[in-house]
file work_10.txt (compact mmCIF, C-alpha atoms)
# COMPACT_ATOMS: atom_id res chain seq x y z
CA MET F 1 72.22 89.46 103.08
CA LYS F 2 75.17 91.41 101.75
CA ILE F 3 78.00 89.07 100.84
CA VAL F 4 81.34 90.81 100.45
CA VAL F 5 83.76 89.50 97.85
CA GLY F 6 87.27 90.46 98.96
CA ILE F 7 90.40 90.92 96.87
CA SER F 8 91.39 87.60 95.25
CA ASP F 9 88.04 86.16 96.26
CA MET F 10 84.92 84.62 94.68
CA LYS F 11 81.38 84.09 95.93
CA VAL F 12 78.33 82.39 94.42
CA SER F 13 74.76 82.42 95.74
CA ASN F 14 71.25 81.37 94.76
CA ASN F 15 69.60 82.87 97.84
CA PRO F 16 67.18 85.51 96.53
CA ASP F 17 67.86 87.73 99.57
CA ASP F 18 71.58 87.97 98.86
CA THR F 19 73.53 90.71 97.16
CA LEU F 20 77.14 90.08 96.19
CA ILE F 21 79.36 93.13 96.41
CA THR F 22 83.02 93.92 95.88
CA TYR F 23 84.64 97.20 96.87
CA ALA F 24 87.45 99.33 95.58
CA LEU F 25 88.36 97.76 92.27
CA GLY F 26 91.46 99.62 91.16
CA SER F 27 93.45 97.76 88.54
CA CYS F 28 91.73 94.58 89.73
CA ILE F 29 88.72 93.31 87.82
CA GLY F 30 85.31 92.32 89.12
CA VAL F 31 83.29 89.82 87.08
CA ALA F 32 79.59 89.39 87.88
CA ILE F 33 77.66 86.56 86.22
CA TRP F 34 73.97 85.72 86.53
CA ASP F 35 71.63 83.05 85.21
CA PRO F 36 68.13 84.56 84.83
CA VAL F 37 66.40 81.14 84.86
CA THR F 38 67.96 79.47 87.89
CA LYS F 39 68.68 82.85 89.52
CA VAL F 40 72.23 82.11 90.46
CA ALA F 41 74.76 84.89 90.77
CA GLY F 42 78.52 84.72 91.06
CA MET F 43 81.21 87.30 91.52
CA LEU F 44 84.99 87.20 91.20
CA HIS F 45 87.53 89.88 92.19
CA TYR F 46 90.89 89.01 90.70
CA MET F 47 94.07 91.00 91.07
CA LEU F 48 96.54 89.77 88.45
CA PRO F 49 96.37 88.44 84.91
CA ASP F 50 98.47 85.31 84.86
CA SER F 51 98.99 82.46 87.32
CA ALA F 52 102.28 81.56 85.62
CA LEU F 53 103.73 84.17 87.99
CA SER F 54 103.61 81.70 90.86
CA GLN F 55 102.15 78.22 90.69
CA GLU F 56 102.35 78.02 94.45
CA LYS F 57 100.26 81.15 94.94
CA ALA F 58 97.83 80.10 92.23
CA GLN F 59 97.25 76.82 93.99
CA ALA F 60 96.65 78.44 97.39
CA ARG F 61 94.70 81.41 96.03
CA PRO F 62 93.29 80.64 92.58
CA PHE F 63 91.03 83.72 92.68
CA MET F 64 94.06 85.97 92.67
CA PHE F 65 94.55 85.40 88.93
CA ALA F 66 92.31 85.82 85.90
CA ASP F 67 93.30 82.54 84.23
CA THR F 68 92.64 80.41 87.30
CA GLY F 69 89.79 82.44 88.83
CA ILE F 70 87.50 82.91 85.84
CA PRO F 71 87.00 79.19 85.06
CA LEU F 72 86.31 78.49 88.73
CA LEU F 73 83.70 81.25 88.86
CA PHE F 74 81.78 79.69 85.97
CA LYS F 75 82.12 76.14 87.26
CA GLU F 76 80.85 77.12 90.69
CA THR F 77 77.64 78.61 89.25
CA TYR F 78 77.11 75.44 87.16
CA LYS F 79 76.88 73.52 90.44
CA TYR F 80 73.81 75.63 91.24
CA GLY F 81 72.24 74.86 87.90
CA ALA F 82 73.48 77.79 85.88
CA VAL F 83 73.89 77.19 82.15
CA LYS F 84 76.72 78.82 80.24
CA SER F 85 74.63 80.00 77.28
CA ARG F 86 72.19 81.81 79.57
CA LEU F 87 74.72 83.60 81.75
CA ILE F 88 74.69 87.39 81.66
CA ILE F 89 78.19 88.69 82.23
CA LYS F 90 79.23 92.11 83.48
CA VAL F 91 82.74 93.35 84.02
CA ALA F 92 84.12 96.32 85.94
CA GLY F 93 87.52 97.62 87.03
CA GLY F 94 90.84 97.38 85.23
CA GLY F 95 91.66 101.00 85.93
CA GLN F 96 95.16 102.31 85.99
CA ILE F 97 97.11 105.29 87.17
CA MET F 98 97.26 108.23 84.78
CA ASP F 99 99.89 108.47 82.02
CA SER F 100 100.99 104.91 82.51
CA PRO F 101 101.46 103.23 79.15
CA ASP F 102 104.45 101.36 80.55
CA ILE F 103 105.21 99.21 83.54
CA PHE F 104 102.14 100.27 85.53
CA ASN F 105 99.55 99.03 83.02
CA ILE F 106 98.30 96.27 85.33
CA GLY F 107 94.65 97.16 84.75
CA LYS F 108 94.99 96.86 81.00
CA ARG F 109 96.74 93.52 81.22
CA ASN F 110 94.04 92.27 83.56
CA HIS F 111 91.40 93.20 81.00
CA THR F 112 93.28 91.80 78.00
CA VAL F 113 93.54 88.37 79.60
CA LEU F 114 89.83 88.35 80.39
CA ARG F 115 88.98 89.16 76.78
CA LYS F 116 91.24 86.39 75.54
CA ILE F 117 89.71 83.82 77.88
CA PHE F 118 86.17 84.85 76.95
CA TRP F 119 86.94 84.88 73.22
CA LYS F 120 88.46 81.42 73.39
CA ASN F 121 85.42 80.10 75.24
CA LYS F 122 82.88 81.97 73.08
CA ILE F 123 81.57 84.02 75.97
CA MET F 124 79.99 87.41 75.36
CA VAL F 125 80.14 90.25 77.86
CA ALA F 126 76.77 92.02 78.23
CA LYS F 127 78.11 95.19 79.79
CA GLU F 128 81.41 96.47 80.98
CA ASP F 129 82.88 99.55 82.60
CA VAL F 130 86.65 99.30 82.52
CA GLY F 131 89.77 101.46 82.33
CA GLY F 132 90.15 105.06 83.36
CA SER F 133 91.54 106.20 86.68
CA SER F 134 88.59 105.69 89.01
CA ASN F 135 88.13 102.97 91.53
CA ARG F 136 84.85 101.10 91.37
CA THR F 137 82.45 99.21 93.59
CA ILE F 138 80.15 96.68 91.94
CA SER F 139 77.23 94.69 93.32
CA ILE F 140 74.74 92.18 91.95
CA ALA F 141 71.37 91.24 93.44
CA VAL F 142 70.82 87.47 93.21
CA GLU F 143 67.04 87.67 92.69
CA SER F 144 66.93 90.32 89.95
CA GLY F 145 70.45 90.26 88.56
CA LEU F 146 70.48 94.02 88.95
CA THR F 147 74.10 95.11 88.81
CA ILE F 148 75.01 98.43 90.38
CA LEU F 149 78.26 100.24 89.76
CA LYS F 150 79.51 102.99 92.03
CA THR F 151 82.45 105.17 91.19
CA PRO F 152 83.66 108.54 92.53
CA GLY F 153 82.48 111.48 90.46
CA ARG F 154 79.99 109.43 88.41
CA GLY F 155 77.84 108.31 91.30
CA GLU F 156 75.83 105.11 91.35
CA PHE F 157 74.13 103.55 88.33
CA ALA F 158 72.90 100.26 86.90
CA LEU F 159 75.42 98.51 84.68
CA MET M 1 95.01 134.82 104.97
CA SER M 2 95.18 132.57 101.89
CA ARG M 3 94.09 128.95 102.00
CA MET M 4 97.70 127.88 101.79
CA GLU M 5 98.73 130.04 104.74
CA GLU M 6 95.79 128.76 106.71
CA ILE M 7 96.81 125.16 105.99
CA LEU M 8 100.50 125.68 106.74
CA ASN M 9 99.57 127.47 109.98
CA LEU M 10 97.52 124.48 110.95
CA ALA M 11 100.54 122.29 110.38
CA LYS M 12 102.28 124.23 113.15
CA SER M 13 99.65 123.17 115.65
CA VAL M 14 99.67 119.49 114.67
CA PRO M 15 100.05 117.42 117.85
CA PRO M 16 103.58 116.14 118.37
CA PHE M 17 104.67 112.65 117.37
CA PRO M 18 105.00 110.60 120.59
CA LYS M 19 108.25 111.45 122.35
CA VAL M 20 108.77 107.85 123.36
CA ALA M 21 108.99 106.82 119.72
CA ARG M 22 111.71 109.35 118.99
CA ARG M 23 113.66 108.36 122.09
CA VAL M 24 113.43 104.65 121.25
CA MET M 25 114.61 105.30 117.69
CA GLU M 26 117.64 107.13 119.08
CA LEU M 27 118.42 104.31 121.48
CA LEU M 28 118.11 101.73 118.73
CA ARG M 29 120.73 103.48 116.66
CA ASP M 30 123.20 102.21 119.25
CA PRO M 31 123.63 98.46 118.77
CA ARG M 32 124.64 98.08 122.43
CA THR M 33 121.22 99.23 123.67
CA ASP M 34 119.71 96.48 125.78
CA ALA M 35 116.15 95.53 126.69
CA ARG M 36 116.31 97.12 130.11
CA SER M 37 117.12 100.62 128.90
CA LEU M 38 114.44 100.31 126.23
CA ALA M 39 111.85 99.20 128.76
CA GLU M 40 112.69 102.17 130.96
CA VAL M 41 111.74 104.52 128.15
CA ILE M 42 108.77 102.64 126.73
CA GLN M 43 106.98 101.84 129.99
CA TYR M 44 105.91 105.49 130.42
CA ASP M 45 103.72 105.29 127.35
CA GLN M 46 100.85 102.96 128.13
CA VAL M 47 99.47 102.86 124.61
CA ILE M 48 102.80 101.87 123.11
CA THR M 49 103.44 99.33 125.86
CA ALA M 50 100.05 97.71 125.27
CA ASN M 51 100.64 97.69 121.53
CA VAL M 52 104.11 96.18 121.83
CA LEU M 53 102.62 93.25 123.75
CA LYS M 54 99.64 92.91 121.44
CA ILE M 55 101.64 92.94 118.23
CA CYS M 56 104.44 90.90 119.68
CA ASN M 57 101.94 88.11 120.31
CA ALA M 58 100.45 88.38 116.82
CA PRO M 59 101.04 85.46 114.46
CA TYR M 60 102.87 87.83 112.10
CA PHE M 61 105.89 87.84 114.36
CA GLY M 62 105.70 84.13 114.80
CA LEU M 63 106.85 83.89 118.41
CA ALA M 64 106.89 80.40 119.85
CA ARG M 65 105.23 81.38 123.12
CA LYS M 66 103.13 84.24 124.45
CA VAL M 67 104.92 87.08 126.19
CA SER M 68 103.25 88.95 129.03
CA SER M 69 105.67 91.67 130.11
CA LEU M 70 107.36 94.49 128.29
CA ARG M 71 110.82 93.32 129.35
CA GLU M 72 110.12 89.86 128.04
CA ALA M 73 108.81 91.27 124.75
CA LEU M 74 111.90 93.39 124.30
CA VAL M 75 114.17 90.41 124.83
CA VAL M 76 112.28 88.29 122.31
CA LEU M 77 111.84 90.95 119.64
CA GLY M 78 114.63 91.91 117.32
CA HIS M 79 115.48 95.60 117.07
CA GLU M 80 114.06 95.74 113.55
CA GLU M 81 110.67 94.41 114.65
CA LEU M 82 110.65 96.69 117.65
CA LYS M 83 111.25 99.75 115.49
CA ASP M 84 108.31 98.79 113.28
CA ILE M 85 106.04 98.19 116.25
CA ILE M 86 106.95 101.46 117.96
CA ILE M 87 106.45 103.47 114.78
CA ALA M 88 103.18 101.73 113.97
CA SER M 89 101.71 102.14 117.42
CA SER M 90 102.83 105.77 117.61
CA SER M 91 101.33 106.57 114.21
CA ALA M 92 98.04 104.72 114.58
CA LYS M 93 96.29 107.44 116.60
CA PHE M 94 96.72 109.94 113.79
CA TYR M 95 94.74 107.70 111.47
CA GLN M 96 91.83 106.91 113.75
CA GLY M 97 88.25 108.11 113.28
CA GLU M 98 86.84 109.98 110.30
CA VAL M 99 90.22 111.34 109.32
CA GLY M 100 89.92 110.79 105.60
CA ALA M 101 86.32 111.89 105.09
CA GLY M 102 87.39 114.67 102.70
CA TYR M 103 88.77 111.98 100.42
CA ALA M 104 85.62 109.86 100.81
CA LEU M 105 87.63 107.34 102.80
CA GLU M 106 85.76 105.15 105.25
CA GLN M 107 86.97 104.86 108.83
CA GLY M 108 90.05 102.69 108.99
CA ASP M 109 90.81 103.03 105.27
CA MET M 110 93.67 105.46 105.71
CA TRP M 111 95.32 103.20 108.27
CA LYS M 112 94.86 100.15 106.07
CA HIS M 113 96.41 101.99 103.13
CA SER M 114 99.29 103.18 105.29
CA VAL M 115 100.07 99.78 106.80
CA ALA M 116 99.91 98.16 103.36
CA SER M 117 102.29 100.77 101.95
CA GLY M 118 104.66 100.29 104.88
CA ILE M 119 104.71 96.53 104.45
CA LEU M 120 105.17 96.74 100.69
CA ALA M 121 107.99 99.27 101.17
CA LYS M 122 109.69 96.73 103.42
CA LEU M 123 109.23 93.96 100.87
CA LEU M 124 110.78 96.17 98.21
CA VAL M 125 113.99 96.68 100.16
CA HIS M 126 115.23 93.49 98.53
CA LYS M 127 115.00 95.16 95.15
CA ILE M 128 115.75 98.77 95.99
CA LYS M 129 119.02 98.49 97.85
CA ASP M 130 120.64 101.06 100.12
CA VAL M 131 117.43 101.52 102.13
CA ASP M 132 117.04 99.86 105.51
CA ALA M 133 113.83 98.04 106.24
CA ALA M 134 112.75 100.11 109.25
CA THR M 135 113.20 103.38 107.35
CA ALA M 136 111.22 101.97 104.43
CA PHE M 137 108.42 100.86 106.75
CA THR M 138 108.30 104.23 108.53
CA ALA M 139 108.23 106.25 105.32
CA GLY M 140 105.58 103.98 103.81
CA LEU M 141 103.47 104.18 106.93
CA LEU M 142 103.60 107.97 107.09
CA HIS M 143 103.56 108.90 103.39
CA ASP M 144 99.93 110.06 103.48
CA ILE M 145 100.04 111.82 106.85
CA GLY M 146 99.36 115.07 105.00
CA LYS M 147 95.94 113.72 103.99
CA ARG M 148 95.02 113.43 107.64
CA PHE M 149 95.35 117.20 107.99
CA LEU M 150 94.31 118.26 104.49
CA SER M 151 91.11 116.22 104.52
CA ASN M 152 88.85 119.00 105.85
CA PHE M 153 90.13 121.44 103.27
CA VAL M 154 89.66 118.90 100.48
CA ALA M 155 86.08 118.42 101.71
CA ASP M 156 85.36 122.14 101.25
CA ASP M 157 86.53 122.07 97.63
CA PHE M 158 85.59 118.49 96.84
CA GLU M 159 83.31 119.20 93.84
CA ARG M 160 85.80 121.51 92.17
CA ILE M 161 88.66 119.09 92.73
CA MET M 162 86.73 116.11 91.32
CA ASP M 163 85.67 118.20 88.33
CA LYS M 164 89.28 119.02 87.54
CA VAL M 165 90.25 115.36 87.84
CA LEU M 166 87.40 113.97 85.75
CA LYS M 167 87.05 116.64 83.07
CA GLU M 168 90.60 117.86 82.66
CA LYS M 169 92.39 114.60 83.50
CA ARG M 170 94.43 116.24 86.20
CA SER M 171 95.83 114.12 88.96
CA PHE M 172 94.20 114.54 92.35
CA VAL M 173 97.33 116.14 93.84
CA GLU M 174 97.51 118.62 90.96
CA ALA M 175 93.93 119.62 91.73
CA GLU M 176 94.71 119.86 95.46
CA LYS M 177 97.61 122.15 94.69
CA GLU M 178 95.54 124.30 92.37
CA PHE M 179 92.66 124.93 94.78
CA LEU M 180 94.38 124.69 98.16
CA GLY M 181 97.85 125.99 97.28
CA VAL M 182 99.50 122.92 98.73
CA ASN M 183 99.02 119.18 98.14
CA HIS M 184 98.95 116.42 100.75
CA ALA M 185 102.47 115.20 99.91
CA GLU M 186 103.94 118.67 100.48
CA LEU M 187 101.96 119.08 103.69
CA GLY M 188 103.16 115.65 104.83
CA GLY M 189 106.76 116.75 104.25
CA VAL M 190 106.18 119.85 106.39
CA ILE M 191 104.65 117.80 109.20
CA LEU M 192 107.44 115.21 109.23
CA LYS M 193 109.97 118.01 109.41
CA ARG M 194 108.18 119.45 112.43
CA TRP M 195 108.15 116.00 113.96
CA GLY M 196 111.90 115.78 113.53
CA PHE M 197 112.03 112.79 111.17
CA PRO M 198 115.23 112.29 109.15
CA THR M 199 115.57 114.27 105.94
CA ASP M 200 115.40 111.22 103.66
CA ILE M 201 112.00 110.30 105.07
CA GLN M 202 110.76 113.89 104.75
CA GLN M 203 111.90 113.94 101.12
CA ALA M 204 110.30 110.61 100.30
CA VAL M 205 106.96 111.78 101.67
CA LEU M 206 107.26 115.19 100.02
CA HIS M 207 107.90 113.68 96.57
CA HIS M 208 105.79 110.54 96.64
CA HIS M 209 103.40 111.88 94.00
CA ASP M 210 106.02 113.44 91.70
CA PRO M 211 105.58 111.70 88.33
CA GLY M 212 109.37 111.38 88.14
CA ALA M 213 109.75 109.98 91.66
CA MET M 214 111.18 106.68 90.34
CA GLY M 215 114.26 108.57 89.19
CA ARG M 216 114.88 110.18 92.59
CA GLU M 217 116.65 108.94 95.73
CA PRO M 218 116.12 105.21 96.44
CA LEU M 219 113.82 105.81 99.44
CA THR M 220 111.67 108.26 97.48
CA ALA M 221 111.36 105.81 94.59
CA LEU M 222 110.54 103.02 96.98
CA VAL M 223 107.77 104.91 98.77
CA ALA M 224 106.30 106.21 95.51
CA LEU M 225 106.31 102.68 94.09
CA SER M 226 104.70 101.17 97.20
CA ASN M 227 101.98 103.79 97.14
CA THR M 228 101.35 103.32 93.42
CA LEU M 229 100.94 99.56 93.77
CA VAL M 230 98.76 99.78 96.88
CA ILE M 231 96.54 102.27 95.05
CA SER M 232 96.34 99.90 92.08
CA MET M 233 95.27 97.12 94.41
CA GLY M 234 92.52 99.40 95.73
CA ILE M 235 93.60 99.13 99.37
CA GLY M 236 92.23 102.02 101.41
CA VAL M 237 91.67 104.18 98.35
CA GLY M 238 89.19 107.06 98.32
CA ALA M 239 87.75 109.43 95.74
CA ASP M 240 91.24 110.17 94.42
CA GLY M 241 91.26 106.60 93.15
CA LEU M 242 93.98 105.96 90.59
CA ALA M 243 94.11 109.62 89.59
CA THR M 244 97.82 109.93 90.15
CA LYS M 245 100.59 110.27 87.58
CA MET M 246 103.70 108.14 87.78
CA ARG M 247 106.29 107.23 85.19
CA GLY M 248 108.01 103.87 85.43
CA GLU M 249 111.28 104.40 83.51
CA GLY M 250 113.31 104.98 86.66
CA LEU M 251 112.61 101.44 87.83
CA ALA M 252 115.01 99.93 85.30
CA ARG M 253 118.03 101.03 87.37
CA PHE M 254 116.82 98.79 90.20
CA GLY M 255 116.31 95.91 87.78
CA ILE M 256 112.58 95.94 88.53
CA THR M 257 110.37 94.48 85.83
CA ARG M 258 106.63 94.10 85.37
CA ALA M 259 106.79 90.55 86.72
CA HIS M 260 108.45 91.82 89.91
CA LEU M 261 105.61 94.24 90.44
CA ASP M 262 103.02 91.50 89.97
CA LEU M 263 104.86 89.32 92.43
CA CYS M 264 105.13 92.19 94.93
CA MET M 265 101.38 92.68 94.84
CA ALA M 266 100.78 88.98 95.32
CA ASP M 267 103.24 88.89 98.23
CA LEU M 268 101.68 91.95 99.83
CA PHE M 269 98.27 90.34 99.66
CA VAL M 270 99.54 87.29 101.51
CA GLU M 271 101.36 89.39 104.14
CA LEU M 272 98.28 91.51 104.76
CA GLU M 273 96.30 88.44 105.69
CA GLU M 274 98.78 87.86 108.49
CA VAL M 275 99.01 91.31 110.03
CA GLY M 276 95.52 91.50 111.49
CA GLU M 277 96.68 92.91 114.82
CA LEU M 278 98.67 95.65 113.18
CA LEU M 279 95.58 96.72 111.27
CA GLN M 280 93.52 96.85 114.43
CA LEU M 281 95.67 99.28 116.39

call {"tool": "encode", "arguments": {"input": "work_10.txt", "output": "structure tokens"}}
result
Amino acid sequence: MKIVVGISDMKVSNNPDDTLITYALGSCIGVAIWDPVTKVAGMLHYMLPDSALSQEKAQARPFMFADTGIPLLFKETYKYGAVKSRLIIKVAGGGQIMDSPDIFNIGKRNHTVLRKIFWKNKIMVAKEDVGGSSNRTISIAVESGLTILKTPGRGEFAL
Amino acid sequence: MSRMEEILNLAKSVPPFPKVARRVMELLRDPRTDARSLAEVIQYDQVITANVLKICNAPYFGLARKVSSLREALVVLGHEELKDIIIASSSAKFYQGEVGAGYALEQGDMWKHSVASGILAKLLVHKIKDVDAATAFTAGLLHDIGKRFLSNFVADDFERIMDKVLKEKRSFVEAEKEFLGVNHAELGGVILKRWGFPTDIQQAVLHHHDPGAMGREPLTALVALSNTLVISMGIGVGADGLATKMRGEGLARFGITRAHLDLCMADLFVELEEVGELLQL
């Protein structure tokens, strides 16, 4: 079954028939993680870098922010038997409008925070496709871990 | 006939914006207008009447009890809400079906993008003063109307346009302009003029992709900003993606900072969860 991960949303599955997919990543970032032994996949689609913006919103919608969403994504897969050291991590999104070194660099900030969190927790990213001015759709098959990225002009390919 | 002439000719035959909407807007300019005179005008348009009731009963408007007649709805609703509902239900039909196929938009995407931009424009009125909420909503809702009519032409030149964007780092509207002679913002301005919308709304739509839009009139800046943020959030975005150019310097005069923009996006996300009925028009 196709399980859609919305904006500010997270899904985890260990059903081999499932595919997790998130559409239209603009400056938002999609994180797909997969444990090849227990065959658990998780996906997060966060919108903003830092929950300090609004504690109230972060409490109601923790998947809106990188700093609250990313830890929850990992923890949720652990419940299904995933092990941190085995997880294969792929990242997509973080685009931004053209010529926007200034106030509109939301995508870049989203990516910077992710790198900081991963560095602090000694987590390596296997593959990533970030930046630029395209929007992206990313999916991961629970059984195989096959991650497919789709983006206008570059078509569809395995990440 | 050149492509541009062909496109501008087509704009002349664009179906009119519902008369009822224009008449209601005129009536609402007079603060003494009462529910009865509004109902007399609105009742002749069944689609708008049905939509007024439907939206009026949506949780977004938070009415304490269900209303079942137009008169009742008009008594309960404030003029501001009514303006939004009339504009939304009059605009919806232009966004139905495969209207954005040339931009690789799925059905419903263009409407979703438009509603989101309208709502964000309204939220931004608190920051960008001197713009009234209904005008902001209308301009946000209609900013991409040109896409609706340019879509088929974009489809014909899609490969060439994408090539320009990807290889030469041109914005999508620059590529539209180069191959079609006119971009969707300009076409939108022409259409709104034909429809008799106020000049400030025409201008805001016309300039919403100008990289310097933030330094223009408040309504133009507001619409351009709403669109930019909705695009960043990936709401109803097609092949043009984030391939638009926009400078942010002009925002300083409104006291808008990066944190405000983040908060706006978060607020919009929450609002969108509550406007289900509006999205289903």

call {"tool": "residues_around", "arguments": {"input": "work_10.txt", "residues": "Val190 in chain M", "least_positions_apart": "4", "cutoff": "9 Å", "atoms": "only C-alpha atoms", "output": "list in words"}}
result
Leu8, Ala11, Lys12, Gly146, Ala185, Glu186, Arg194, Trp195, Gln202 and Leu206 of chain M

call {"tool": "atom_distance", "arguments": {"input": "work_10.txt", "atom1": "CA of Leu87 in chain F", "atom2": "CA of Trp34 in chain F"}}
result
5.3 Å

call {"tool": "closest_atom_pairs", "arguments": {"input": "work_10.txt", "of": "chain M", "to": "chain F", "cutoff": "6 Å", "atoms": "all atoms listed in the file", "output": "tab-separated table"}}
result
residue	atom	partner	partner_atom	distance
M:Ser232	CA	F:Gly26	CA	5.0
M:Met233	CA	F:Gly26	CA	5.6
M:Gly234	CA	F:Gly26	CA	4.7
M:Ala239	CA	F:Pro152	CA	5.3
M:Gly241	CA	F:Ser134	CA	5.0
M:Leu242	CA	F:Ser133	CA	4.6
M:Ala243	CA	F:Ser133	CA	5.2
M:Thr244	CA	F:Ile97	CA	5.6
M:Lys245	CA	F:Met98	CA	4.8
M:Gly248	CA	F:Ile103	CA	5.8
M:Arg258	CA	F:Ile103	CA	5.6

call {"tool": "residues_around", "arguments": {"input": "work_10.txt", "residues": "Glu174 in chain M", "least_positions_apart": "6", "cutoff": "12 Å", "atoms": "all atoms listed in the file", "output": "VMD selection string"}}
result
chain M and resid 161 to 162 164 to 165 168 180 to 186 209 to 211 240 243 to 245

call {"tool": "residues_around", "arguments": {"input": "work_10.txt", "residues": "Val47 in chain M", "least_positions_apart": "2", "cutoff": "10 Å", "atoms": "only C-alpha atoms", "output": "mmCIF file with C-alpha atoms, in the coordinates of the input"}}
result
data_model
loop_
_atom_site.group_PDB
_atom_site.id
_atom_site.type_symbol
_atom_site.label_atom_id
_atom_site.label_comp_id
_atom_site.auth_asym_id
_atom_site.auth_seq_id
_atom_site.Cartn_x
_atom_site.Cartn_y
_atom_site.Cartn_z
ATOM 1 C CA ILE M 42 108.770 102.640 126.730
ATOM 2 C CA GLN M 43 106.980 101.840 129.990
ATOM 3 C CA TYR M 44 105.910 105.490 130.420
ATOM 4 C CA ASP M 45 103.720 105.290 127.350
ATOM 5 C CA THR M 49 103.440 99.330 125.860
ATOM 6 C CA ALA M 50 100.050 97.710 125.270
ATOM 7 C CA ASN M 51 100.640 97.690 121.530
ATOM 8 C CA VAL M 52 104.110 96.180 121.830
ATOM 9 C CA SER M 89 101.710 102.140 117.420
ATOM 10 C CA SER M 90 102.830 105.770 117.610
ATOM 11 C CA LYS M 93 96.290 107.440 116.600
ATOM 12 C CA LEU M 281 95.670 99.280 116.390
#

call {"tool": "closest_residue", "arguments": {"input": "work_10.txt", "among": "M:Asn57, M:Ser13, M:Ser117, M:Ser171", "to": "Ile85 in chain M", "atoms": "all atoms listed in the file"}}
result
M:Asn57

call {"tool": "closest_residue", "arguments": {"input": "work_10.txt", "among": "F:Leu72, F:Val125, F:Ala141, F:Ala66", "to": "Pro36 in chain F", "atoms": "only C-alpha atoms"}}
result
F:Ala141

call {"tool": "residues_near_point", "arguments": {"input": "work_10.txt", "point": "(109.9, 116.5, 101.6)", "cutoff": "10 Å", "atoms": "only C-alpha atoms", "output": "ChimeraX atom specification"}}
result
/M:185-193,199-208,220

call {"tool": "build_atoms", "arguments": {"input": "work_10.txt", "residues": "range 82-93 of chain M", "atoms": "N, CA and C atoms", "output": "PDB file, keeping the file's coordinate frame"}}
result
ATOM      1  N   LEU M  82     111.040  95.713 116.632  1.00  0.00           N
ATOM      2  CA  LEU M  82     110.650  96.690 117.650  1.00  0.00           C
ATOM      3  C   LEU M  82     110.464  98.075 117.032  1.00  0.00           C
ATOM      4  N   LYS M  83     111.378  98.439 116.152  1.00  0.00           N
ATOM      5  CA  LYS M  83     111.250  99.750 115.490  1.00  0.00           C
ATOM      6  C   LYS M  83     109.906  99.836 114.773  1.00  0.00           C
ATOM      7  N   ASP M  84     109.567  98.784 114.034  1.00  0.00           N
ATOM      8  CA  ASP M  84     108.310  98.790 113.280  1.00  0.00           C
ATOM      9  C   ASP M  84     107.113  98.926 114.222  1.00  0.00           C
ATOM     10  N   ILE M  85     107.163  98.176 115.317  1.00  0.00           N
ATOM     11  CA  ILE M  85     106.040  98.190 116.250  1.00  0.00           C
ATOM     12  C   ILE M  85     105.884  99.561 116.904  1.00  0.00           C
ATOM     13  N   ILE M  86     107.004 100.148 117.300  1.00  0.00           N
ATOM     14  CA  ILE M  86     106.950 101.460 117.960  1.00  0.00           C
ATOM     15  C   ILE M  86     106.406 102.511 116.991  1.00  0.00           C
ATOM     16  N   ILE M  87     106.909 102.486 115.769  1.00  0.00           N
ATOM     17  CA  ILE M  87     106.450 103.470 114.780  1.00  0.00           C
ATOM     18  C   ILE M  87     104.966 103.256 114.483  1.00  0.00           C
ATOM     19  N   ALA M  88     104.584 101.999 114.300  1.00  0.00           N
ATOM     20  CA  ALA M  88     103.180 101.730 113.970  1.00  0.00           C
ATOM     21  C   ALA M  88     102.257 102.147 115.099  1.00  0.00           C
ATOM     22  N   SER M  89     102.628 101.815 116.331  1.00  0.00           N
ATOM     23  CA  SER M  89     101.710 102.140 117.420  1.00  0.00           C
ATOM     24  C   SER M  89     101.733 103.630 117.758  1.00  0.00           C
ATOM     25  N   SER M  90     102.801 104.322 117.391  1.00  0.00           N
ATOM     26  CA  SER M  90     102.830 105.770 117.610  1.00  0.00           C
ATOM     27  C   SER M  90     102.049 106.502 116.526  1.00  0.00           C
ATOM     28  N   SER M  91     101.989 105.902 115.348  1.00  0.00           N
ATOM     29  CA  SER M  91     101.330 106.570 114.210  1.00  0.00           C
ATOM     30  C   SER M  91      99.829 106.314 114.199  1.00  0.00           C
ATOM     31  N   ALA M  92      99.428 105.172 114.744  1.00  0.00           N
ATOM     32  CA  ALA M  92      98.040 104.720 114.580  1.00  0.00           C
ATOM     33  C   ALA M  92      97.023 105.785 114.986  1.00  0.00           C
ATOM     34  N   LYS M  93      97.306 106.498 116.092  1.00  0.00           N
ATOM     35  CA  LYS M  93      96.290 107.440 116.600  1.00  0.00           C
ATOM     36  C   LYS M  93      95.991 108.563 115.600  1.00  0.00           C
TER      37      LYS M  93
END
